[in-house]
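Novice: What follows is protein_39.cif, mmCIF, C-alpha atoms.
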```
data_structure
loop_
_atom_site.label_atom_id
_atom_site.label_comp_id
_atom_site.auth_asym_id
_atom_site.auth_seq_id
_atom_site.Cartn_x
_atom_site.Cartn_y
_atom_site.Cartn_z
CA MET V 878 117.85 103.90 79.62
CA GLU V 879 114.17 102.96 79.76
CA ASP V 880 111.20 105.14 78.95
CA THR V 881 109.11 104.92 82.12
CA LYS V 882 106.66 107.57 80.81
CA GLU V 883 107.61 110.01 83.60
CA ILE V 884 110.99 111.32 82.41
CA PRO V 885 109.70 114.88 81.65
CA LYS V 886 108.37 115.13 85.21
CA ARG V 887 111.74 113.98 86.49
CA THR V 888 113.26 117.11 84.91
CA ARG V 889 110.88 119.17 87.04
CA TYR V 890 111.98 117.27 90.15
CA TYR V 891 115.67 117.66 89.32
CA GLN V 892 115.20 121.39 88.75
CA ALA V 893 113.63 121.71 92.21
CA MET V 894 116.49 119.77 93.79
CA CYS V 895 119.19 121.83 92.06
CA ASP V 896 117.55 125.16 92.82
CA SER V 897 116.99 124.29 96.47
CA GLU V 898 120.70 123.49 96.83
CA ALA V 899 121.87 126.53 94.87
CA LEU V 900 120.59 129.13 97.31
CA ASN V 901 120.96 129.43 101.04
CA LYS V 902 118.02 130.66 103.10
CA GLY V 903 117.45 134.38 102.60
CA GLU V 904 119.64 134.73 99.51
CA VAL V 905 118.32 136.72 96.55
CA TYR V 906 117.10 134.86 93.49
CA TYR V 907 119.31 136.66 90.98
CA LYS V 908 122.21 134.57 92.30
CA LEU V 909 120.72 131.55 90.56
CA ASN V 910 122.92 130.57 87.62
CA ASP V 911 121.85 129.03 84.33
CA LEU V 912 120.63 125.50 84.91
CA TYR V 913 120.89 122.77 82.27
CA ILE V 914 119.19 119.45 82.91
CA MET V 915 120.35 116.88 80.38
CA PHE V 916 119.09 113.39 79.66
CA LEU V 917 120.91 110.87 77.50
CA CYS V 918 118.32 108.44 76.15
CA PRO V 919 118.80 105.50 73.76
CA GLU V 920 115.40 105.90 72.11
CA ASP V 921 113.34 108.86 70.92
CA ILE V 922 110.87 109.29 73.79
CA PHE V 923 109.08 112.15 71.97
CA GLY V 924 108.64 110.27 68.69
CA GLN V 925 109.46 113.24 66.45
CA GLY V 926 112.53 111.71 64.81
CA LYS V 927 115.02 114.21 66.21
CA ALA V 928 118.40 113.51 67.77
CA VAL V 929 118.30 116.49 70.16
CA TYR V 930 115.34 118.12 71.92
CA ARG V 931 115.86 121.42 73.73
CA PHE V 932 113.23 123.00 75.97
CA LYS V 933 112.83 126.32 77.76
CA ASN V 934 109.85 128.14 79.23
CA LEU V 935 107.94 130.23 76.71
CA GLY V 936 104.61 132.07 76.88
CA VAL V 937 101.53 129.98 76.12
CA ASP V 938 99.63 132.83 74.46
CA ASN V 939 102.75 134.28 72.82
CA PRO V 940 105.69 131.88 72.36
CA LYS V 941 107.89 134.83 71.41
CA ILE V 942 107.93 135.81 75.09
CA GLU V 943 110.59 133.90 77.01
CA LEU V 944 110.13 133.52 80.75
CA GLY V 945 113.85 134.02 81.37
CA ASP V 946 114.18 131.66 84.34
CA LEU V 947 117.48 130.40 82.83
CA CYS V 948 116.43 126.77 83.13
CA TYR V 949 116.95 124.57 80.08
CA LYS V 950 116.08 120.92 79.63
CA ASN V 951 117.85 119.00 76.87
CA PHE V 952 117.28 115.44 75.71
CA TYR V 953 119.94 113.72 73.61
CA ILE V 954 118.92 110.55 71.74
CA PHE V 955 122.32 108.87 71.48
CA ASN V 956 121.21 106.13 69.07
CA LYS V 957 120.65 108.98 66.56
CA TYR V 958 124.18 110.36 66.99
CA ARG V 959 124.74 110.37 63.20
CA ASP V 960 122.08 113.10 62.88
CA VAL V 961 123.81 115.50 65.26
CA ALA V 962 125.57 118.39 63.51
CA GLU V 963 127.75 119.50 66.44
CA LYS V 964 130.90 117.40 66.31
CA SER V 965 131.68 117.45 70.04
CA ILE V 966 128.15 116.39 70.99
CA ARG V 967 128.06 113.77 68.23
CA GLU V 968 131.28 112.20 69.55
CA TYR V 969 129.88 111.92 73.06
CA LEU V 970 126.60 110.43 71.84
CA GLU V 971 128.47 108.01 69.58
CA TYR V 972 130.44 106.79 72.58
CA PHE V 973 127.24 106.17 74.55
CA ALA V 974 125.70 104.37 71.58
CA THR V 975 128.69 102.23 70.55
CA ARG V 976 131.05 102.33 73.56
CA ASN V 977 133.82 103.08 71.03
CA PRO V 978 135.72 106.29 71.86
CA SER V 979 136.57 108.42 68.82
CA SER V 980 137.99 111.60 70.36
CA PRO V 981 140.50 112.51 73.10
CA GLU V 982 137.61 113.44 75.42
CA THR V 983 135.70 110.19 74.96
CA LYS V 984 138.92 108.17 75.18
CA LYS V 985 139.56 109.81 78.55
CA ILE V 986 136.03 108.92 79.66
CA ASP V 987 136.54 105.35 78.42
CA ARG V 988 139.77 105.02 80.43
CA MET V 989 138.00 106.27 83.55
CA VAL V 990 135.09 103.88 83.00
CA LYS V 991 137.44 100.92 82.65
CA TRP V 992 139.40 102.00 85.72
CA TYR V 993 136.21 102.21 87.80
CA GLN V 994 135.07 98.84 86.46
CA THR V 995 138.27 97.22 87.73
CA ASP V 996 138.03 98.82 91.18
CA ASN V 997 136.23 96.35 93.46
CA GLU V 998 134.84 98.96 95.85
CA THR V 999 133.52 101.08 93.00
CA ARG V 1000 132.03 98.02 91.30
CA LYS V 1001 130.30 97.13 94.54
CA ARG V 1002 128.84 100.63 94.88
CA TYR V 1003 127.81 100.60 91.21
CA MET V 1004 126.09 97.24 91.57
CA THR V 1005 124.23 98.47 94.65
CA TRP V 1006 123.22 101.61 92.77
CA GLN V 1007 122.13 99.52 89.77
CA GLN V 1008 120.06 97.31 92.04
CA GLU V 1009 118.39 100.37 93.53
CA ILE V 1010 117.60 101.60 90.01
CA ASP V 1011 116.20 98.19 89.03
CA ILE V 1012 114.08 98.12 92.17
CA ALA V 1013 112.83 101.64 91.49
CA VAL V 1014 112.01 100.75 87.87
CA ASP V 1015 110.19 97.58 88.97
CA ARG V 1016 108.29 99.58 91.57
CA GLU V 1017 107.25 102.18 88.99
CA ARG V 1018 106.28 99.46 86.54
CA GLN V 1019 104.20 97.75 89.23
CA ARG V 1020 102.50 101.04 90.07
CA ALA V 1021 101.74 101.55 86.39
CA ASN V 1022 100.34 98.01 86.14
CA ASP V 1023 98.24 98.54 89.26
CA ALA V 1024 96.91 101.81 87.87
CA GLU V 1025 96.11 100.12 84.57
CA MET V 1026 94.31 97.31 86.40
CA ARG V 1027 92.32 99.83 88.44
CA PHE V 1028 91.39 101.58 85.20
CA TYR V 1029 90.12 98.36 83.63
CA GLU V 1030 88.24 97.43 86.81
CA ALA V 1031 86.62 100.88 86.91
CA ARG V 1032 85.75 100.58 83.23
CA ASP V 1033 84.19 97.15 83.84
CA ARG V 1034 82.16 98.55 86.72
CA ALA V 1035 81.05 101.44 84.53
CA ASN V 1036 80.08 99.04 81.74
CA LYS V 1037 78.15 96.85 84.19
CA ALA V 1038 76.42 99.91 85.65
CA GLU V 1039 75.57 101.06 82.14
CA ALA V 1040 74.21 97.59 81.32
CA ARG V 1041 72.11 97.66 84.50
CA ALA V 1042 70.84 101.11 83.57
CA ASP V 1043 69.92 99.83 80.12
CA GLU V 1044 68.11 96.87 81.67
CA ALA V 1045 66.30 99.17 84.07
CA GLU V 1046 65.30 101.40 81.16
CA VAL V 1047 63.97 98.38 79.25
CA ARG V 1048 62.01 97.24 82.33
CA ALA V 1049 60.64 100.76 82.76
CA GLU V 1050 59.55 100.83 79.14
CA GLU V 1051 57.92 97.40 79.53
CA ALA V 1052 56.15 98.55 82.72
CA GLU V 1053 54.96 101.69 80.93
CA ALA V 1054 53.66 99.55 78.06
CA ARG V 1055 51.80 97.31 80.53
CA ALA V 1056 50.39 100.39 82.26
CA ASN V 1057 49.21 101.76 78.92
CA GLU V 1058 47.59 98.41 78.12
CA ALA V 1059 45.90 98.37 81.51
CA LYS V 1060 44.70 101.94 80.99
CA GLY V 1061 43.39 100.95 77.57
CA ARG V 1062 41.47 98.06 79.07
CA ALA V 1063 40.14 100.33 81.83
CA ASP V 1064 39.02 102.88 79.25
CA GLU V 1065 37.27 100.13 77.30
CA ALA V 1066 35.57 98.85 80.46
CA GLU V 1067 34.48 102.39 81.35
CA ALA V 1068 33.09 102.89 77.84
CA ARG V 1069 31.14 99.65 78.09
CA ALA V 1070 29.79 100.69 81.49
CA ASP V 1071 28.69 104.07 80.10
CA LYS V 1072 27.03 102.34 77.17
CA TYR V 1073 25.24 99.87 79.47
CA GLU V 1074 24.11 102.71 81.77
CA LYS V 1075 22.75 104.67 78.78
CA MET V 1076 20.88 101.61 77.54
CA LEU V 1077 19.32 101.06 80.98
CA ARG V 1078 18.21 104.70 81.13
CA GLU V 1079 16.58 104.42 77.73
CA LEU V 1080 14.71 101.32 78.89
CA GLY V 1081 13.57 103.14 82.01
CA LYS V 1082 15.43 100.81 84.24
CA LEU V 1083 17.28 103.68 85.94
#
```
Give the structure from the file, written as C-alpha cells.
Specialist:
Amino acid sequence: MEDTKEIPKRTRYYQAMCDSEALNKGEVYYKLNDLYIMFLCPEDIFGQGKAVYRFKNLGVDNPKIELGDLCYKNFYIFNKYRDVAEKSIREYLEYFATRNPSSPETKKIDRMVKWYQTDNETRKRYMTWQQEIDIAVDRERQRANDAEMRFYEARDRANKAEARADEAEVRAEEAEARANEAKGRADEAEARADKYEKMLRELGKL
C-alpha cells in the first residue's frame, strides 16, 4: 500500500522463498512450475502511466532472447482499473480501489472479507499482523532516514574537507608568492653585491 522504494527487490526475495519451498533437497530443477509474483499497488510506482506492468527475464544484449526461468513479476495499479482491458482483472482491481464488488467473484471475496472482519479471533490476528507491518514500515522508514542523514553528514564532511583543501591551496599560493618575493629580494641583493665588488676591483681596493 506504500511505496517504500524497495518493492522490486521484494519480488526477488519472494521468488527465492517460493523456489526454496517448491523443491525438496536433491530434486531436479525441471520440476519447478511457472511462478507468478503479483503486487497490487494503489499508485504507479514506476511512473510510466500504465495500469499493469509485467516483467520477465530477457537478455541484456539481445532482448529477443528470453531466459525461460518461468518466473514472472506483475504489478497491478488498482487506482488505474479503468485503463485495464481485461474484464476479469479490471473487476478485481476496481474492488480493491473502491471496495464495491461488481462481479460474482468480487462479491464472494467481499462476503469473505466481511465475515473475517466480524470474527474476533481473525480480527485479532489481522490487527497483530497490521501492527507488524506498521512496525516494519516504520523501521524501514527510519533506516532510510538514517541513511539519508549519513549521506548529508558525509557530504558536509566532504564539503568541509574541500574547503580546507581550497584554504590550503590558497595558503600554498601565498607562501609561494612570498618565496618568490624573497628570492627577488635576494637576487637584487646579490646583484648589488656583485656591482659593489666590481666597483671595488676597479678602484684597486680588492
Novice: For V:Arg976, which residue out of V:Lys1001, V:Lys991, V:Lys964, V:Arg1027 is the nearest one, using only C-alpha atoms?
Specialist: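 For V:Arg976, the nearest of the candidates is V:Lys991.
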Novice: Under the PyMOL selection byres ((chain V and resi 990) around 12), which residues of this model are included? Write them out as a compact mmCIF listing (two decimals) with C-alpha atoms, keeping the file's coordinate frame.
Specialist:
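selection_9.txt, written as the output of this step:
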```txt
# COMPACT_ATOMS: atom_id res chain seq x y z
CA TYR V 972 130.44 106.79 72.58
CA PHE V 973 127.24 106.17 74.55
CA ARG V 976 131.05 102.33 73.56
CA PRO V 978 135.72 106.29 71.86
CA THR V 983 135.70 110.19 74.96
CA LYS V 984 138.92 108.17 75.18
CA LYS V 985 139.56 109.81 78.55
CA ILE V 986 136.03 108.92 79.66
CA ASP V 987 136.54 105.35 78.42
CA ARG V 988 139.77 105.02 80.43
CA MET V 989 138.00 106.27 83.55
CA LYS V 991 137.44 100.92 82.65
CA TRP V 992 139.40 102.00 85.72
CA TYR V 993 136.21 102.21 87.80
CA GLN V 994 135.07 98.84 86.46
CA THR V 995 138.27 97.22 87.73
CA ASP V 996 138.03 98.82 91.18
CA THR V 999 133.52 101.08 93.00
CA ARG V 1000 132.03 98.02 91.30
CA TYR V 1003 127.81 100.60 91.21
```
Novice: Name the closest residue to V:Gly924 among the candidates V:Asp880, V:Glu1046, V:Ala962, V:Asn977; distances are taken between atoms, counting all atoms listed in the file.
Specialist: V:Asp880
Novice: Box along x, y and z, 4 Å on every side, all listed atoms of stretch 917-928 of chain V inside: centre and edge lengths in Å to one decimal, as lines of an AutoDock Vina configuration file.
Specialist:
```
center_x = 114.8
center_y = 109.9
center_z = 71.2
size_x = 20.3
size_y = 16.7
size_z = 20.7
```
Novice: Apply the PyMOL selection byres ((chain V and resi 930) around 7) to the file shown and report the selected residues as a count of residues only.
Specialist: 8
Novice: Determine, for each residue of stretch 906-934 of chain V having at least one atom at most 10 Å from an atom of stretch 884-892 of chain V, the closest pair of atoms and their separation in Å to one decimal, counting all atoms listed in the file; order by chain and ascending number, as JSON lines.
Specialist:
```
{"residue": "V:Leu912", "atom": "CA", "partner": "V:Gln892", "partner_atom": "CA", "distance": 7.8}
{"residue": "V:Tyr913", "atom": "CA", "partner": "V:Gln892", "partner_atom": "CA", "distance": 8.7}
{"residue": "V:Ile914", "atom": "CA", "partner": "V:Thr888", "partner_atom": "CA", "distance": 6.7}
{"residue": "V:Met915", "atom": "CA", "partner": "V:Thr888", "partner_atom": "CA", "distance": 8.4}
{"residue": "V:Phe916", "atom": "CA", "partner": "V:Thr888", "partner_atom": "CA", "distance": 8.7}
{"residue": "V:Ile922", "atom": "CA", "partner": "V:Ile884", "partner_atom": "CA", "distance": 8.9}
```
